[in-house]
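Please read the structure below before turning to the comments.
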Amino acid sequence: MGSNAPNLECRMFEAKYPEVDIAVMIQVKNIADMGAYVSLLEYNNIEGMILLSELSRRRIRSVSSLIKVGRIEPVMVLSVDKEKGYIDLSKRRVSEEDIQACEERYNKSKLVHSIMRHVAETLYIDLEELYTHICWPLYRKHGHAFERLACRTFKIIVTDPDSILSSLTREVKEIGPDGQELTKTVPAVTEEVKEALVKNIRRRMTPQPLKIRADMKLNVFNLMDAMRKAEAAGNKDCPVKVKLVAPPLYVLTTQTLDTEQGISVLNKAIAACAEAIEQHKGKLLVKEPARAVSERDDKLLAEHMAKLRNDNEEVSGDEDSEKDEGMGDVDVENSGPGITE
C-alpha cells in the first residue's frame, strides 16, 4: 500500500474518446456566446461543446429554455479531434431511440462504475488498474460489462466467481534466479479483490422489478365490470392496475422481475377486459401492446396526463362529451381497488 491516496477517477470505457455518431451522456457546465461547454460523464468528464446551431432544429428564441447548467442528458457526437482534444456535440440530432439507448447504457455503466470505485477505495487500489484488469477485458470478451457482470452473471459470480474471473490474467515483471528480467502471467484478480467484488455485487446488483404497460382506448358505458376483470387477471407476483389517462384512454400496468410473465399477464388482462366490454356492447382498442417501459416512458406519460388535465380544466361543460365517448358517469378515483387517477 502506497502512502498516497489511490486515484478513484477513471473513464467507463477503454477508448479515451467516444466514436462519432453515437449518443453520449453529458452534464452542462457553462453556457457561452458560441454554445454550451459540457462534460462527458462516461469519459471521465472530458470537455465537449454544443454549438448554438446544434441545440435545436427550430429557431432559438431562448437558449435557457433549451439547455441549463447542471442538466444531464444524452447528445450526439459530431466530431472528435483526438490531437487537440476537441469534441463537437449536437443536441438537435439525437433521436428518441438514441436517447433511450444512451440512458439505459449509462445507468448500467454507472452501476458497474460505482461498484468498481467502491472496491478500489476499500482496497486502496487505483480505479483504472481495476478497469484495466477486470472491466475492459470483460468488455472485449463479452460485450458490455454490465451484461456480463449483472444481467446474466451476477447470480453466478456471487456463488462461483472463479467461473467468470479465473480467465482474467495480467503480466508482471520479475527478476529470475539468473538476474534476468522475466515476464510472468498471473491471475488478474487476487483473492482480496475477488472477495470485495463479490460482496459489492451481492449488495448493489439486486434485481429490480420492471414495469410493464399496455395502452388502451375504451368505449363503453359501464366500465366497472371490465376493470375488475382486468385486475383479476393479475396475481401476487404481477398485480394488475388500471390507470385513467383521459377518457377514453387508459393504461394497464404491472411490475415484475420476469418480463415475459408480465407481458403474458397483461395480455390476459386485456383479453378479460375486452370480453367484459363486448358484453356491454362496447369496444376496446389496444393503442400500444404490453411492453416493458422505462422511467423516461413513465415521465412522458405523466407529462401527457398533466397536459390533458390542464386542458380539461380550461374547458367547461364537458359532461356531455364524456357521455359521447361512452364513459357514462364513472368515478374512477373511488370506483374500486387498484384504479387510480
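Following the order of the C-alpha cells, first chain is A, next is B, and so on, with residues numbered from 1 inside each chain and ligands from 1 in the order they appear.
Those residues in stretch 201-273 of chain A carrying a DSSP assignment of alpha helix (DSSP H), computed from the backbone, are Ile201, Arg202, Arg203, Arg204, Met224, Asp225, Ala226, Met227, Arg228, Lys229, Ala230, Glu231, Ala232, Thr259, Glu260, Gln261, Gly262, Ile263, Ser264, Val265, Leu266, Asn267, Lys268, Ala269, Ile270, Ala271, Ala272 and Cys273 of chain A.
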Note to self: Using DSSP assignments from the backbone, pull out every residue in stretch 198-301 of chain A that falls under strand (DSSP E or B) and give it to me as a ChimeraX atom specification.
What the structure shows: /A:210-219,241-246,249-256,283-293
Margin query: What's around A:Leu130 at 12 Å? Count only C-alpha atoms, leave out sequence neighbours fewer than 3 positions away in its own chain, and write the answer as a PyMOL selection string.
Written below: chain A and resi 6-12+14+112-113+115-121+123-127+133-138+168+170+188-190+193-194+196-197
Notebook entry, point to check: Do you know which residues are at most 12 Å from A:Ala233 counting only C-alpha atoms, after dropping those on the same chain fewer than 4 positions away, and could you put them as an MDAnalysis selection string?
Noted result: chainID A and resid 226:229 237:242 252:254 262:273
Would you export the selected residues with C-alpha atoms as a PDB file, in the first residue's frame, please?
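In the end it all went to part.pdb:
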```
ATOM      1  CA  ALA A 226     -64.370  -4.708 -17.303  1.00  0.00           C
ATOM      2  CA  MET A 227     -61.838  -3.069 -14.989  1.00  0.00           C
ATOM      3  CA  ARG A 228     -62.382  -5.554 -12.175  1.00  0.00           C
ATOM      4  CA  LYS A 229     -61.933  -8.471 -14.570  1.00  0.00           C
ATOM      5  CA  ASP A 237     -46.211 -11.619  -8.458  1.00  0.00           C
ATOM      6  CA  CYS A 238     -47.792  -9.490 -11.202  1.00  0.00           C
ATOM      7  CA  PRO A 239     -50.627  -7.360  -9.781  1.00  0.00           C
ATOM      8  CA  VAL A 240     -52.552  -5.515 -12.487  1.00  0.00           C
ATOM      9  CA  LYS A 241     -53.632  -1.900 -12.072  1.00  0.00           C
ATOM     10  CA  VAL A 242     -55.823   0.263 -14.299  1.00  0.00           C
ATOM     11  CA  LEU A 252     -52.825  -1.302 -17.692  1.00  0.00           C
ATOM     12  CA  THR A 253     -49.656  -1.725 -15.642  1.00  0.00           C
ATOM     13  CA  THR A 254     -47.854  -4.383 -13.632  1.00  0.00           C
ATOM     14  CA  GLY A 262     -45.525  -9.543 -17.033  1.00  0.00           C
ATOM     15  CA  ILE A 263     -46.433  -9.245 -20.719  1.00  0.00           C
ATOM     16  CA  SER A 264     -48.390 -12.515 -20.558  1.00  0.00           C
ATOM     17  CA  VAL A 265     -50.371 -11.330 -17.508  1.00  0.00           C
ATOM     18  CA  LEU A 266     -51.239  -8.003 -19.149  1.00  0.00           C
ATOM     19  CA  ASN A 267     -52.329  -9.764 -22.333  1.00  0.00           C
ATOM     20  CA  LYS A 268     -54.685 -11.920 -20.253  1.00  0.00           C
ATOM     21  CA  ALA A 269     -55.967  -8.788 -18.510  1.00  0.00           C
ATOM     22  CA  ILE A 270     -56.624  -7.141 -21.876  1.00  0.00           C
ATOM     23  CA  ALA A 271     -58.494 -10.227 -23.093  1.00  0.00           C
ATOM     24  CA  ALA A 272     -60.631 -10.333 -19.927  1.00  0.00           C
ATOM     25  CA  CYS A 273     -61.353  -6.617 -20.197  1.00  0.00           C
TER      26      CYS A 273
END
```
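Shell of A:Pro161 at 8 Å, with only C-alpha atoms counted and residues fewer than 4 places along the chain excluded, is Ile156, Ile157, Leu165, Ser166, Lys194 and Val198 of chain A.
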Store the residues of this selection in a file with N, CA and C atoms, as a compact mmCIF listing (two decimals), in the first residue's frame.
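out_36.txt, freshly written:
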```
# COMPACT_ATOMS: atom_id res chain seq x y z
N ILE A 156 -24.22 -15.84 -10.88
CA ILE A 156 -23.13 -16.82 -10.91
C ILE A 156 -21.92 -16.31 -10.15
N ILE A 157 -21.60 -15.03 -10.34
CA ILE A 157 -20.36 -14.51 -9.79
C ILE A 157 -20.36 -14.50 -8.26
N LEU A 165 -14.10 -15.03 -13.33
CA LEU A 165 -12.91 -14.22 -13.10
C LEU A 165 -11.60 -14.96 -13.34
N SER A 166 -11.62 -16.29 -13.32
CA SER A 166 -10.36 -17.05 -13.46
C SER A 166 -9.73 -16.90 -14.84
N LYS A 194 -11.33 -10.28 -5.34
CA LYS A 194 -12.47 -11.15 -5.63
C LYS A 194 -13.51 -11.08 -4.50
N VAL A 198 -17.27 -9.58 -5.05
CA VAL A 198 -18.46 -10.41 -4.79
C VAL A 198 -19.36 -9.73 -3.75
```
Check: Within 9 Å of stretch 279-296 of chain A, counting only C-alpha atoms, which residues qualify if same-chain residues fewer than 4 places away don't, as a VMD selection string?
Finding: chain A and resid 100 103 to 104 210 to 223 249 252 to 253 259 262 to 264 266 to 267 270 273 to 275 300 to 301 326
Item checked: atom CA of A:Leu89 to atom CA of A:Met76, distance in Å rounded to a single decimal -> 5.5 Å
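Going from atom CA of A:Arg203 over to atom CA of A:Arg105, you cover 20.6 Å.
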